$ cat run23.pdb   # PDB, C-alpha atoms and all ligand atoms
ATOM      1  CA  MET A   1       0.000   0.000   0.000  1.00  0.00           C
ATOM      2  CA  LYS A   2       1.543   3.279  -1.112  1.00  0.00           C
ATOM      3  CA  ILE A   3       0.644   6.682   0.312  1.00  0.00           C
ATOM      4  CA  LEU A   4       1.714   9.987  -1.158  1.00  0.00           C
ATOM      5  CA  VAL A   5       2.290  12.696   1.467  1.00  0.00           C
ATOM      6  CA  ILE A   6       2.065  16.186  -0.050  1.00  0.00           C
ATOM      7  CA  ASN A   7       2.914  19.460   1.654  1.00  0.00           C
ATOM      8  CA  GLY A   8       2.128  22.902   0.287  1.00  0.00           C
ATOM      9  CA  PRO A   9       3.722  26.343   0.429  1.00  0.00           C
ATOM     10  CA  ASN A  10       5.966  27.591   3.237  1.00  0.00           C
ATOM     11  CA  LEU A  11       5.886  24.323   5.180  1.00  0.00           C
ATOM     12  CA  THR A  12       9.692  24.165   4.759  1.00  0.00           C
ATOM     13  CA  LEU A  13       9.701  26.917   7.425  1.00  0.00           C
ATOM     14  CA  LEU A  14       8.356  24.514  10.029  1.00  0.00           C
ATOM     15  CA  GLY A  15      10.372  24.335  13.241  1.00  0.00           C
ATOM     16  CA  ARG A  16      12.125  27.615  12.470  1.00  0.00           C
ATOM     17  CA  ARG A  17       9.307  30.183  12.723  1.00  0.00           C
ATOM     18  CA  GLU A  18       6.035  30.492  14.665  1.00  0.00           C
ATOM     19  CA  PRO A  19       6.571  27.443  16.924  1.00  0.00           C
ATOM     20  CA  THR A  20       3.643  28.496  19.117  1.00  0.00           C
ATOM     21  CA  VAL A  21       1.297  28.040  16.144  1.00  0.00           C
ATOM     22  CA  TYR A  22       2.930  25.177  14.221  1.00  0.00           C
ATOM     23  CA  GLY A  23       5.114  23.394  16.791  1.00  0.00           C
ATOM     24  CA  ARG A  24       8.820  22.652  16.835  1.00  0.00           C
ATOM     25  CA  ALA A  25       9.009  19.715  14.442  1.00  0.00           C
ATOM     26  CA  THR A  26      10.653  20.413  11.079  1.00  0.00           C
ATOM     27  CA  LEU A  27       9.325  18.933   7.844  1.00  0.00           C
ATOM     28  CA  ALA A  28      12.267  16.492   7.941  1.00  0.00           C
ATOM     29  CA  ASP A  29      11.227  15.430  11.482  1.00  0.00           C
ATOM     30  CA  ILE A  30       7.682  14.836  10.230  1.00  0.00           C
ATOM     31  CA  GLU A  31       8.961  12.786   7.297  1.00  0.00           C
ATOM     32  CA  ALA A  32      11.139  10.634   9.592  1.00  0.00           C
ATOM     33  CA  MET A  33       8.241  10.072  12.025  1.00  0.00           C
ATOM     34  CA  LEU A  34       5.927   9.113   9.134  1.00  0.00           C
ATOM     35  CA  ARG A  35       8.458   6.703   7.623  1.00  0.00           C
ATOM     36  CA  LEU A  36       8.670   4.944  10.985  1.00  0.00           C
ATOM     37  CA  GLU A  37       4.873   4.766  11.312  1.00  0.00           C
ATOM     38  CA  ALA A  38       4.513   3.601   7.700  1.00  0.00           C
ATOM     39  CA  SER A  39       6.963   0.735   8.187  1.00  0.00           C
ATOM     40  CA  ARG A  40       5.086  -0.260  11.361  1.00  0.00           C
ATOM     41  CA  LEU A  41       1.859  -0.349   9.321  1.00  0.00           C
ATOM     42  CA  GLY A  42       3.498  -2.135   6.368  1.00  0.00           C
ATOM     43  CA  MET A  43       2.917   0.863   4.123  1.00  0.00           C
ATOM     44  CA  GLU A  44       5.184   2.706   1.753  1.00  0.00           C
ATOM     45  CA  ILE A  45       5.248   6.502   1.668  1.00  0.00           C
ATOM     46  CA  GLU A  46       6.479   9.086  -0.755  1.00  0.00           C
ATOM     47  CA  PHE A  47       7.045  12.576   0.607  1.00  0.00           C
ATOM     48  CA  TYR A  48       6.679  15.681  -1.568  1.00  0.00           C
ATOM     49  CA  GLN A  49       6.676  19.430  -0.927  1.00  0.00           C
ATOM     50  CA  SER A  50       6.211  22.369  -3.252  1.00  0.00           C
ATOM     51  CA  ASP A  51       5.489  26.074  -2.895  1.00  0.00           C
ATOM     52  CA  ILE A  52       4.009  26.119  -6.388  1.00  0.00           C
ATOM     53  CA  GLU A  53       0.306  25.472  -6.924  1.00  0.00           C
ATOM     54  CA  GLY A  54       0.739  23.992 -10.428  1.00  0.00           C
ATOM     55  CA  GLU A  55       3.382  21.535  -9.228  1.00  0.00           C
ATOM     56  CA  LEU A  56       1.079  20.343  -6.452  1.00  0.00           C
ATOM     57  CA  VAL A  57      -1.720  19.878  -9.007  1.00  0.00           C
ATOM     58  CA  ARG A  58       0.643  17.908 -11.287  1.00  0.00           C
ATOM     59  CA  ARG A  59       1.877  15.685  -8.430  1.00  0.00           C
ATOM     60  CA  ILE A  60      -1.682  14.857  -7.357  1.00  0.00           C
ATOM     61  CA  GLY A  61      -2.563  13.932 -10.956  1.00  0.00           C
ATOM     62  CA  GLU A  62       0.510  11.687 -11.228  1.00  0.00           C
ATOM     63  CA  ALA A  63      -0.656   9.700  -8.196  1.00  0.00           C
ATOM     64  CA  ALA A  64      -3.418   8.063 -10.264  1.00  0.00           C
ATOM     65  CA  GLY A  65      -2.516   4.392 -10.597  1.00  0.00           C
ATOM     66  CA  ALA A  66       0.755   4.966  -8.705  1.00  0.00           C
ATOM     67  CA  ALA A  67      -0.497   5.441  -5.119  1.00  0.00           C
ATOM     68  CA  ASP A  68      -3.402   4.139  -3.034  1.00  0.00           C
ATOM     69  CA  GLY A  69      -4.084   7.291  -1.050  1.00  0.00           C
ATOM     70  CA  ILE A  70      -2.942  10.821  -0.325  1.00  0.00           C
ATOM     71  CA  VAL A  71      -2.178  12.744   2.863  1.00  0.00           C
ATOM     72  CA  LEU A  72      -2.277  16.434   1.993  1.00  0.00           C
ATOM     73  CA  ASN A  73      -1.488  19.633   3.839  1.00  0.00           C
ATOM     74  CA  PRO A  74      -2.353  22.209   1.166  1.00  0.00           C
ATOM     75  CA  ALA A  75      -1.232  25.005   3.562  1.00  0.00           C
ATOM     76  CA  ALA A  76      -2.466  28.433   2.368  1.00  0.00           C
ATOM     77  CA  TYR A  77      -3.853  26.932  -0.872  1.00  0.00           C
ATOM     78  CA  THR A  78      -6.468  25.221   1.316  1.00  0.00           C
ATOM     79  CA  HIS A  79      -8.322  28.497   1.412  1.00  0.00           C
ATOM     80  CA  THR A  80      -7.847  29.633  -2.180  1.00  0.00           C
ATOM     81  CA  SER A  81      -7.231  26.842  -4.674  1.00  0.00           C
ATOM     82  CA  ILE A  82     -10.003  25.580  -6.929  1.00  0.00           C
ATOM     83  CA  ALA A  83      -7.228  23.973  -9.011  1.00  0.00           C
ATOM     84  CA  LEU A  84      -6.134  21.774  -6.070  1.00  0.00           C
ATOM     85  CA  ARG A  85      -9.726  20.909  -5.275  1.00  0.00           C
ATOM     86  CA  ASP A  86     -10.337  19.845  -8.890  1.00  0.00           C
ATOM     87  CA  ALA A  87      -7.115  17.778  -8.909  1.00  0.00           C
ATOM     88  CA  ILE A  88      -8.141  15.906  -5.724  1.00  0.00           C
ATOM     89  CA  ALA A  89     -11.646  15.286  -7.067  1.00  0.00           C
ATOM     90  CA  ALA A  90     -10.260  14.036 -10.398  1.00  0.00           C
ATOM     91  CA  VAL A  91      -7.567  11.676  -9.102  1.00  0.00           C
ATOM     92  CA  GLY A  92     -10.058   9.247  -7.570  1.00  0.00           C
ATOM     93  CA  LEU A  93      -7.926   8.374  -4.534  1.00  0.00           C
ATOM     94  CA  PRO A  94      -8.890   8.835  -0.879  1.00  0.00           C
ATOM     95  CA  CYS A  95      -7.239  12.021   0.369  1.00  0.00           C
ATOM     96  CA  VAL A  96      -6.962  13.066   4.025  1.00  0.00           C
ATOM     97  CA  GLU A  97      -6.454  16.791   4.608  1.00  0.00           C
ATOM     98  CA  VAL A  98      -4.106  17.651   7.472  1.00  0.00           C
ATOM     99  CA  HIS A  99      -3.462  20.918   9.287  1.00  0.00           C
ATOM    100  CA  LEU A 100      -0.983  21.336  12.092  1.00  0.00           C
ATOM    101  CA  SER A 101      -3.015  24.139  13.633  1.00  0.00           C
ATOM    102  CA  ASN A 102      -6.710  24.148  14.436  1.00  0.00           C
ATOM    103  CA  THR A 103      -7.786  26.263  11.478  1.00  0.00           C
ATOM    104  CA  ALA A 104     -11.349  26.501  12.865  1.00  0.00           C
ATOM    105  CA  ALA A 105     -10.003  28.459  15.845  1.00  0.00           C
ATOM    106  CA  ARG A 106      -7.947  30.957  13.817  1.00  0.00           C
ATOM    107  CA  GLU A 107      -8.678  33.902  11.504  1.00  0.00           C
ATOM    108  CA  PRO A 108     -12.019  33.708   9.633  1.00  0.00           C
ATOM    109  CA  PHE A 109     -10.271  33.279   6.252  1.00  0.00           C
ATOM    110  CA  ARG A 110      -8.691  30.027   7.510  1.00  0.00           C
ATOM    111  CA  ARG A 111     -12.075  28.572   8.484  1.00  0.00           C
ATOM    112  CA  ARG A 112     -13.057  27.902   4.896  1.00  0.00           C
ATOM    113  CA  SER A 113     -11.378  25.012   3.099  1.00  0.00           C
ATOM    114  CA  LEU A 114     -11.957  24.651  -0.643  1.00  0.00           C
ATOM    115  CA  THR A 115     -10.238  21.262  -0.599  1.00  0.00           C
ATOM    116  CA  ALA A 116     -11.928  19.593   2.407  1.00  0.00           C
ATOM    117  CA  PRO A 117     -15.222  18.795   0.602  1.00  0.00           C
ATOM    118  CA  VAL A 118     -13.394  16.518  -1.862  1.00  0.00           C
ATOM    119  CA  CYS A 119     -11.312  14.817   0.858  1.00  0.00           C
ATOM    120  CA  VAL A 120     -12.461  11.804   2.883  1.00  0.00           C
ATOM    121  CA  GLY A 121     -11.737  13.700   6.104  1.00  0.00           C
ATOM    122  CA  VAL A 122      -9.786  16.462   7.813  1.00  0.00           C
ATOM    123  CA  ILE A 123      -7.423  16.285  10.797  1.00  0.00           C
ATOM    124  CA  ALA A 124      -6.545  19.670  12.287  1.00  0.00           C
ATOM    125  CA  GLY A 125      -5.043  20.957  15.502  1.00  0.00           C
ATOM    126  CA  PHE A 126      -2.885  18.015  16.570  1.00  0.00           C
ATOM    127  CA  GLY A 127       0.424  19.368  15.281  1.00  0.00           C
ATOM    128  CA  ALA A 128       2.806  16.920  13.605  1.00  0.00           C
ATOM    129  CA  ASP A 129       0.863  14.002  15.094  1.00  0.00           C
ATOM    130  CA  GLY A 130      -1.960  14.855  12.679  1.00  0.00           C
ATOM    131  CA  TYR A 131       0.076  13.357   9.812  1.00  0.00           C
ATOM    132  CA  ARG A 132       0.424  10.072  11.718  1.00  0.00           C
ATOM    133  CA  LEU A 133      -3.314  10.054  12.455  1.00  0.00           C
ATOM    134  CA  ALA A 134      -4.035  10.660   8.757  1.00  0.00           C
ATOM    135  CA  LEU A 135      -1.843   7.697   7.803  1.00  0.00           C
ATOM    136  CA  LEU A 136      -3.683   5.507  10.326  1.00  0.00           C
ATOM    137  CA  ALA A 137      -7.044   6.654   8.943  1.00  0.00           C
ATOM    138  CA  LEU A 138      -5.987   5.763   5.392  1.00  0.00           C
ATOM    139  CA  ALA A 139      -4.561   2.400   6.501  1.00  0.00           C
ATOM    140  CA  GLN A 140      -7.855   1.564   8.142  1.00  0.00           C
ATOM    141  CA  ARG A 141      -9.958   2.768   5.221  1.00  0.00           C
ATOM    142  CA  LEU A 142      -7.834   1.080   2.537  1.00  0.00           C
ATOM    143  CA  GLY A 143      -7.412  -2.094   4.610  1.00  0.00           C
ATOM    144  CA  ALA A 144     -11.148  -2.253   5.147  1.00  0.00           C
ATOM    145  CA  ASN A 145     -11.752  -1.737   1.413  1.00  0.00           C
ATOM    146  CA  ALA A 146      -9.270  -4.479   0.506  1.00  0.00           C
ATOM    147  CA  LYS A 147     -10.936  -6.883   2.981  1.00  0.00           C
ATOM    148  CA  GLU A 148     -14.392  -5.972   1.652  1.00  0.00           C
ATOM    149  CA  LYS A 149     -13.269  -6.599  -1.954  1.00  0.00           C
ATOM    150  CA  SER A 150     -11.742 -10.007  -1.166  1.00  0.00           C
ATOM    151  CA  ALA A 151     -14.861 -10.988   0.829  1.00  0.00           C
ATOM    152  CA  ARG A 152     -17.036 -10.030  -2.173  1.00  0.00           C
ATOM    153  CA  LYS A 153     -14.778 -12.072  -4.470  1.00  0.00           C
ATOM    154  CA  GLY A 154     -15.033 -15.052  -2.076  1.00  0.00           C
ATOM    155  CA  ALA A 155     -18.841 -14.797  -1.979  1.00  0.00           C
ATOM    156  CA  LYS A 156     -19.013 -14.939  -5.811  1.00  0.00           C
ATOM    157  CA  ARG A 157     -16.974 -18.166  -5.953  1.00  0.00           C
TER     158      ARG A 157
HETATM  159  O1  LIG B   1      -2.085  24.540  10.129  1.00  0.00           O
HETATM  160  C1  LIG B   1      -1.671  24.220   9.015  1.00  0.00           C
HETATM  161  O2  LIG B   1      -1.070  23.157   8.797  1.00  0.00           O
HETATM  162  C2  LIG B   1      -1.820  25.193   7.837  1.00  0.00           C
HETATM  163  O3  LIG B   1      -2.078  24.423   6.674  1.00  0.00           O
HETATM  164  C3  LIG B   1      -0.496  25.910   7.702  1.00  0.00           C
HETATM  165  C4  LIG B   1      -0.508  27.009   6.639  1.00  0.00           C
HETATM  166  C5  LIG B   1      -1.698  27.943   6.825  1.00  0.00           C
HETATM  167  O4  LIG B   1      -1.759  28.861   5.754  1.00  0.00           O
HETATM  168  C6  LIG B   1      -3.007  27.177   6.898  1.00  0.00           C
HETATM  169  O5  LIG B   1      -4.058  28.102   7.133  1.00  0.00           O
HETATM  170  C7  LIG B   1      -2.970  26.162   8.030  1.00  0.00           C
HETATM  171  C8  LIG B   1       0.778  27.814   6.719  1.00  0.00           C
HETATM  172  C9  LIG B   1       1.991  26.998   6.364  1.00  0.00           C
HETATM  173  C10 LIG B   1       3.201  27.853   6.568  1.00  0.00           C
HETATM  174  O6  LIG B   1       3.947  27.271   7.614  1.00  0.00           O
HETATM  175  C11 LIG B   1       4.735  28.081   8.360  1.00  0.00           C
HETATM  176  C12 LIG B   1       5.531  27.430   9.284  1.00  0.00           C
HETATM  177  C13 LIG B   1       6.332  28.153  10.098  1.00  0.00           C
HETATM  178  C14 LIG B   1       6.361  29.531   9.994  1.00  0.00           C
HETATM  179  C15 LIG B   1       5.577  30.180   9.064  1.00  0.00           C
HETATM  180  C16 LIG B   1       4.766  29.446   8.239  1.00  0.00           C
END

$ encode --input "run23.pdb" --output "structure tokens" --more "lines below"
Ligand code: CA2
Amino acid sequence: MKILVINGPNLTLLGRREPTVYGRATLADIEAMLRLEASRLGMEIEFYQSDIEGELVRRIGEAAGAADGIVLNPAAYTHTSIALRDAIAAVGLPCVEVHLSNTAAREPFRRRSLTAPVCVGVIAGFGADGYRLALLALAQRLGANAKEKSARKGAKR
């Protein structure tokens, strides 16, 4: 099972600025923690970051047929990007949206997510641990789907 983990603009600043909002973990720390969790779950992850909206759109599109699910922190594009929303809707893979901070408790413009409606769920406010929780949620959802499919196959035989 392969999961693509995508991070949007400015998340390379993690751990260096605004630790009270975003915590002290760097993006490299988050990647290392996720690799550990993925190996525990028997999953493979690919980690990707870009500040550029079009590159994020392209990477999501490339996941079709190459990954089983997506963990996505669209960062500021959460609140602005119809292009990202369309890419998630089109790729046909379960996508879990992650935010380090609790966006519902921040400025009004952060309360609206254009991408959340096309995701299977949103995890916000748990800092770096949110990425681990998103991976667990996908493992459970994809594992359950795989079990359901093989049970259906068995019932047909
Ligand atoms: O809470 C989150 O994970 C956000 O996606 C982070 C975005 C913000 O625009 C969203 O509303 C919520 C900001 C990412 C930039 O990260 C920084 C990290 C350290 C210092 C400055 C920015």

$ axis_aligned_box --input "run23.pdb" --around "region 96-110 of chain A" --padding-each-side "5 Å" --output "lines of an AutoDock Vina configuration file"
center_x = -6.5
center_y = 23.5
center_z = 9.9
size_x = 21.0
size_y = 30.8
size_z = 21.8

$ closest_residue --input "run23.pdb" --among "A:Arg85, A:Ile45, A:Leu11, A:Val71" --to "Ala25 (chain A)" --atoms "only C-alpha atoms"
A:Leu11

$ residues_around --input "run23.pdb" --residues "region 124-126 of chain A" --least-positions-apart "5" --cutoff "6 Å" --atoms "only C-alpha atoms" --output "list in words"
Val98, His99, Leu100, Ser101 and Asn102 of chain A

$ residues_near_ligand --input "run23.pdb" --ligand "ligand LIG 1 (chain B)" --cutoff "8 Å" --atoms "only C-alpha atoms and all ligand atoms" --output "PyMOL selection string"
chain A and resi 8-19+21-22+73-79+98-103+110+124-125+127

$ closest_residue --input "run23.pdb" --among "A:Glu62, A:Glu46, A:Asp68, A:Asp29" --to "Arg141 (chain A)" --atoms "only C-alpha atoms"
A:Asp68

$ atom_distance --input "run23.pdb" --atom1 "CA of Leu27 (chain A)" --atom2 "CA of Leu93 (chain A)"
23.7 Å

$ closest_residue --input "run23.pdb" --among "A:Val118, A:Cys95, A:Met33, A:Ala83" --to "Glu55 (chain A)" --atoms "all atoms listed in the file"
A:Ala83

$ resolve_selection --input "run23.pdb" --expression "the PyMOL selection byres (((chain A and resi 112) around 12) and not hetatm)" --output "tab-separated table (two decimals) with C-alpha atoms, in the coordinates of the input"
chain	number	residue	atom	x	y	z
A	76	ALA	CA	-2.47	28.43	2.37
A	77	TYR	CA	-3.85	26.93	-0.87
A	78	THR	CA	-6.47	25.22	1.32
A	79	HIS	CA	-8.32	28.50	1.41
A	80	THR	CA	-7.85	29.63	-2.18
A	81	SER	CA	-7.23	26.84	-4.67
A	103	THR	CA	-7.79	26.26	11.48
A	104	ALA	CA	-11.35	26.50	12.86
A	105	ALA	CA	-10.00	28.46	15.84
A	106	ARG	CA	-7.95	30.96	13.82
A	107	GLU	CA	-8.68	33.90	11.50
A	108	PRO	CA	-12.02	33.71	9.63
A	109	PHE	CA	-10.27	33.28	6.25
A	110	ARG	CA	-8.69	30.03	7.51
A	111	ARG	CA	-12.08	28.57	8.48
A	113	SER	CA	-11.38	25.01	3.10
A	114	LEU	CA	-11.96	24.65	-0.64
A	115	THR	CA	-10.24	21.26	-0.60
A	116	ALA	CA	-11.93	19.59	2.41
A	117	PRO	CA	-15.22	18.80	0.60

$ closest_residue --input "run23.pdb" --among "A:Ile123, A:Val91, A:Leu41, A:Leu36" --to "Ala66 (chain A)" --atoms "only C-alpha atoms"
A:Val91

$ resolve_selection --input "run23.pdb" --expression "the PyMOL selection byres (((chain A and resi 57) around 10) and not hetatm)" --output "VMD selection string"
chain A and resid 52 to 56 58 to 62 81 83 to 88

$ closest_residue --input "run23.pdb" --among "A:Ala32, A:Leu4, A:Ala151, A:Leu136" --to "Ala64 (chain A)" --atoms "all atoms listed in the file"
A:Leu4

$ closest_residue --input "run23.pdb" --among "A:Gly23, A:Glu37, A:Val122, A:Met1" --to "Asn145 (chain A)" --atoms "all atoms listed in the file"
A:Met1

$ atom_distance --input "run23.pdb" --atom1 "CA of Leu135 (chain A)" --atom2 "CA of Glu97 (chain A)"
10.7 Å

$ atom_distance --input "run23.pdb" --atom1 "CA of Gln49 (chain A)" --atom2 "CA of Gly143 (chain A)"
26.3 Å

$ build_atoms --input "run23.pdb" --residues "region 36-50 of chain A" --atoms "N, CA, C and O atoms" --output "short mmCIF file (atom, residue, chain, number, x, y, z; two decimals), in the frame of the given file"
data_model
loop_
_atom_site.label_atom_id
_atom_site.label_comp_id
_atom_site.auth_asym_id
_atom_site.auth_seq_id
_atom_site.Cartn_x
_atom_site.Cartn_y
_atom_site.Cartn_z
N LEU A 36 8.68 5.94 9.90
CA LEU A 36 8.67 4.94 10.98
C LEU A 36 7.27 4.33 11.14
O LEU A 36 7.11 3.11 11.20
N GLU A 37 6.26 5.22 11.16
CA GLU A 37 4.87 4.77 11.31
C GLU A 37 4.45 3.91 10.11
O GLU A 37 3.78 2.88 10.27
N ALA A 38 4.87 4.34 8.92
CA ALA A 38 4.51 3.60 7.70
C ALA A 38 5.11 2.20 7.74
O ALA A 38 4.43 1.22 7.40
N SER A 39 6.35 2.08 8.17
CA SER A 39 6.96 0.74 8.19
C SER A 39 6.27 -0.14 9.24
O SER A 39 6.09 -1.33 9.03
N ARG A 40 5.84 0.48 10.34
CA ARG A 40 5.09 -0.26 11.36
C ARG A 40 3.76 -0.78 10.79
O ARG A 40 3.31 -1.87 11.12
N LEU A 41 3.16 0.02 9.90
CA LEU A 41 1.86 -0.35 9.32
C LEU A 41 2.00 -1.17 8.04
O LEU A 41 1.01 -1.55 7.42
N GLY A 42 3.26 -1.40 7.62
CA GLY A 42 3.50 -2.13 6.37
C GLY A 42 3.11 -1.33 5.14
O GLY A 42 2.67 -1.87 4.13
N MET A 43 3.26 -0.02 5.24
CA MET A 43 2.92 0.86 4.12
C MET A 43 4.18 1.51 3.58
O MET A 43 5.19 1.62 4.28
N GLU A 44 4.07 1.98 2.35
CA GLU A 44 5.18 2.71 1.75
C GLU A 44 4.74 4.17 1.62
O GLU A 44 3.58 4.41 1.29
N ILE A 45 5.66 5.11 1.89
CA ILE A 45 5.25 6.50 1.67
C ILE A 45 6.21 7.22 0.73
O ILE A 45 7.40 6.89 0.66
N GLU A 46 5.65 8.18 0.02
CA GLU A 46 6.48 9.09 -0.76
C GLU A 46 6.16 10.48 -0.25
O GLU A 46 4.99 10.83 -0.05
N PHE A 47 7.20 11.27 0.00
CA PHE A 47 7.04 12.58 0.61
C PHE A 47 7.35 13.65 -0.43
O PHE A 47 8.37 13.56 -1.12
N TYR A 48 6.49 14.65 -0.54
CA TYR A 48 6.68 15.68 -1.57
C TYR A 48 6.26 17.03 -1.01
O TYR A 48 5.26 17.15 -0.32
N GLN A 49 7.05 18.06 -1.32
CA GLN A 49 6.68 19.43 -0.93
C GLN A 49 6.90 20.37 -2.10
O GLN A 49 7.88 20.24 -2.84
N SER A 50 5.99 21.30 -2.27
CA SER A 50 6.21 22.37 -3.25
C SER A 50 5.51 23.64 -2.79
O SER A 50 4.47 23.59 -2.14
#
